[in-house]
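Note sheet for the following structure.
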Amino acid sequence: MSTQSIRYQDPEVEGEYGYAMKGADALVEALEREGVDVVFAYPGGASMELHQSLTKSEKIRTILPRQEQGGGFMAHGYARATGKAGVCMATSGPGATNLVTCIADAFMDSIPLVAITGQVYQQFIGKAAFQETDFFGMTLPIVKHSYLVLKAEDLPKVVKEAFYLAESGRPGPVVIDIPKDVQQKVFEPFFPSNVEDLDGYKLDDPRATDDELIEVLNLLSKAKRPVLYTGGGIISADAHKELREFVELSGLPVTHTLMGLGVFDPDHEQSLYWYGMHGTVAGNWAVCESDLLLCAGARFDDRITGKVDKYAQEAYVIHFDLDKSEHNKNVHAHFPIRTDIKYALKRMSEMIKSGKFQKPDLSEWLDTLQAWKKEYPFKYSKGEHITAQEAVDVLYDESKGDAIITTGVGQHQMWAAQYYRFKEPRTYISSLGLGTMGFGYPAAVGAKVAFPDKEVIDIDGDGSFLMNIQELATAKIEKINAKCLLLNNQHLGMVVQWEDRFYESVRGHTILCDPENIGGPDNLDAIYPDYIKVCEGFGVKARRVTKREELREAMKEMLESDEPYLLEVIVPYTEHVLPMIPQGKSAKEMLID
């Protein structure tokens, strides 16, 4: 039984230990015991008790977003930056449903998130009461687990379970839905010390056997064109150091998904950087031509494989993954291995160092890859106007590559990954599986809360940024110094690119300003909306750049600011993200020019 200070004592209720709490207070204490230091929470009728309890906490900072989705993405950004579960909170009905996209986003990218929602009184559940939704039911397909807490006494146990589930194994989101009467009930709580104290829990630590790993190394020793392909699982497992050692000991070329950016130095001679629809030619062609493909902590997403029946056709596929449901889901794995990837990489390195493994001669293969890297780098042309690529390039230079970058979704998202060279994990934070516009700035706010002394910049497009622009108010009022590099082309750029490539440039509602008077570098007066004035209304510093000679100095001004800051760069909408693998095509059919 806990003997910590009493947060709420009902004078008419004395437990055996004289220790009684409201359900809402018990929830907050349970969060404190999990080490939660910040909650992103928007109040409402069904969650007011929770907020009243949060006001009494001396350990938890409660940040008020300006919309629940903003709060959910702040929690996501916090989780991506730290590796710990981010916590968001909303009321019932529309407050809860505004979190659905955030929960789905975390589910797709395997991010630990605990979403707590108020619910109507139990007596009204199922009766279409004011602001009632079946949040438990509607989130079941997009969570690791959902709880509808019907007994206040279960709250401490539920919170302990929820954080364990969110953070262990393959991370993901967990929902805790709490009716108002449960929040108000006074009871004598019991707080379990650890998960092992809970019934039915058996810690699962799957590890590859030595026989399996020896077989992998034997296959590698005979390969002529092997490639190691890694994903976000390396970051979730905190296995980037083990990856780097294994790559250098084995001599393998390595490429990543966007979720895996930062796990390996892109300037390393064995790095092919990232591959996929807009990734490097060398990375895509290497996988396409490989005879042995080792996949570690990734899931063969369609943006990686292109046309599946043309994907790595000659490769023997080895798939390391903690989640066995990913084996053979998208691509057939000849040798699926369920394992903690950190352990597998470390153990294979130990085996190589023992001298029993014959390192393959990959000199010819590596020469081929180096030639592709040299011939087909990411590149852009400098014309009359600043391009988005150039702006990202200058940001990388001026920030010395030492920043956490978040993004919205679209062309800018890909250019950020191409021209900001990520050398450390948890520095590229983007909505990748779900591809949610409006993600970038609130995620930057969450990451900045996690690392207040680190530079955090949202590289965004005007379409994405506008979707959650209200979170400028959160940053200003809460004094969270999150920056935004806004690449404004007045269009939904990625959709426009597809229109240009595949729809004869017919604009299907992709222009964000007046279609009869399109704003841009050559028509500054028509730019809409005026983001500088919008920022002025929020009290946020902002500056617009239209000329190349102003760009570098303006970038320095943004980086040196000790307040939230928006730097708007006006760019043409005619630029396309290249390379590009058209949908339904293979890597060998990439569009390069």
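Letters for chains follow the order of the structure tokens (A, B, ...), residue numbers begin at 1 for each chain, and ligand numbers begin at 1 in the order shown.
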
Exercise for review: If you run DSSP over the backbone, which residues in stretch 340-561 of chain A end up strand (DSSP E or B)? Put them as a ChimeraX atom specification.
Suggested key: /A:404-407,428-429,456-461,483-488,491,511,520,523,541-545

Check your understanding: Near stretch 407-418 of chain A, within 8 Å and counting only C-alpha atoms, which residues show up once chain neighbours fewer than 3 positions away are dropped, as a ChimeraX atom specification?
Key -> /A:258,278-279,378,388-389,392,421-422,428-431,435-441,458-461,464-465,487,492-494,576-577

Exercise for review: Within 10 Å of A:Ile116, counting only C-alpha atoms, which residues show up once you throw out same-chain ones fewer than 6 positions away? Write them as a count of residues only, please.
Suggested key: 20

Could you tell me, as a compact mmCIF listing (two decimals) with C-alpha atoms, in the first residue's frame, which residues of stretch 354-384 of chain A DSSP assigns to helix (DSSP H, G or I) when given the backbone?
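Wrote part_4.txt, looks like this:
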# COMPACT_ATOMS: atom_id res chain seq x y z
CA SER A 363 35.01 -4.66 -53.29
CA GLU A 364 33.44 -4.99 -56.74
CA TRP A 365 29.93 -4.50 -55.36
CA LEU A 366 30.96 -1.50 -53.27
CA ASP A 367 32.71 0.05 -56.28
CA THR A 368 29.46 -0.23 -58.22
CA LEU A 369 27.52 1.41 -55.40
CA GLN A 370 30.07 4.21 -55.06
CA ALA A 371 29.76 4.89 -58.79
CA TRP A 372 25.96 5.15 -58.48
CA LYS A 373 26.30 7.47 -55.49
CA LYS A 374 28.66 9.72 -57.42
CA GLU A 375 26.63 9.72 -60.63

Exercise for review: Have a look at A:Ile352, A:Leu395, A:Ala444, A:Val281 and name the one nearest to A:Glu589; count only C-alpha atoms.
Suggested key: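 The answer is A:Val281, which sits nearest to A:Glu589.
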
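Restricting the calculation to only C-alpha atoms, the smallest distance between A:Tyr273 and any of A:Glu153, A:Gly172, A:Gln313, A:Tyr420 is found for A:Tyr420.
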
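All residues of protein, DNA or RNA that reach within 12 Å of A:Tyr376, judged by only C-alpha atoms and not counting those fewer than 5 positions away in the chain, are Leu272, Gly279, Thr280, Val281, Ala282, Gly283, Asn284, Trp285, Leu369, Gln370, Ala371, Leu578, Pro579, Met590, Leu591, Ile592 and Asp593 of chain A.
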
Point to revise | Long-range neighbours of stretch 445-453 of chain A as a VMD selection string, 9 Å cut-off, only C-alpha atoms, 2 positions minimum in chain | key: chain A and resid 38 40 71 73 to 82 86 404 406 429 440 to 443 455 to 458 471 474 to 475 480 to 483

Exercise for review: Find the residues around A:Ile532 up to 8 Å (only C-alpha atoms counted), leave out those fewer than 3 positions away in its own chain, and share them as a list of chain:residue names.
Suggested key: A:Cys535, A:Glu536, A:Ala542, A:Arg543, A:Arg544

Review point. Any idea what's packed within 6 Å of A:Ile142, counting only C-alpha atoms, ignoring anything in its chain fewer than 3 positions away? Could you give it as number ranges by chain?
Key: A: 104, 107, 139

Exercise for review: For each of A:Pro521, A:Pro189, A:Pro226, A:Gly232, take the minimum atom-to-atom distance to A:Pro360, counting only C-alpha atoms, then give the residue where this is smallest.
Suggested key: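 Among A:Pro521, A:Pro189, A:Pro226, A:Gly232, it is A:Pro226 that comes nearest to A:Pro360.
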
Kindly assemble as JSON lines a list of the stretch 273-331 of chain A residues that lie within 8 Å of stretch 335-341 of chain A, each paired with its nearest atom pair and their distance in Å to one decimal, using only C-alpha atoms, sorted first by chain and then by ascending residue number.
{"residue": "A:Ala296", "atom": "CA", "partner": "A:Ile341", "partner_atom": "CA", "distance": 6.9}
{"residue": "A:Gly297", "atom": "CA", "partner": "A:Ile341", "partner_atom": "CA", "distance": 6.9}
{"residue": "A:Val317", "atom": "CA", "partner": "A:Phe335", "partner_atom": "CA", "distance": 6.4}
{"residue": "A:Ile318", "atom": "CA", "partner": "A:Phe335", "partner_atom": "CA", "distance": 4.7}
{"residue": "A:His319", "atom": "CA", "partner": "A:Pro336", "partner_atom": "CA", "distance": 4.8}
{"residue": "A:Phe320", "atom": "CA", "partner": "A:Ile337", "partner_atom": "CA", "distance": 4.9}
{"residue": "A:Asp321", "atom": "CA", "partner": "A:Arg338", "partner_atom": "CA", "distance": 5.2}
{"residue": "A:Leu322", "atom": "CA", "partner": "A:Thr339", "partner_atom": "CA", "distance": 5.0}
{"residue": "A:Asp323", "atom": "CA", "partner": "A:Arg338", "partner_atom": "CA", "distance": 6.8}
{"residue": "A:Lys324", "atom": "CA", "partner": "A:Arg338", "partner_atom": "CA", "distance": 6.0}
{"residue": "A:His327", "atom": "CA", "partner": "A:Pro336", "partner_atom": "CA", "distance": 6.2}

**Study point:** One-decimal distance in Å that lies between atom CA of A:Asp397 and atom CA of A:Lys479
**Key:**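 Taking atom CA of A:Lys479 and atom CA of A:Asp397, their separation equals 26.5 Å.
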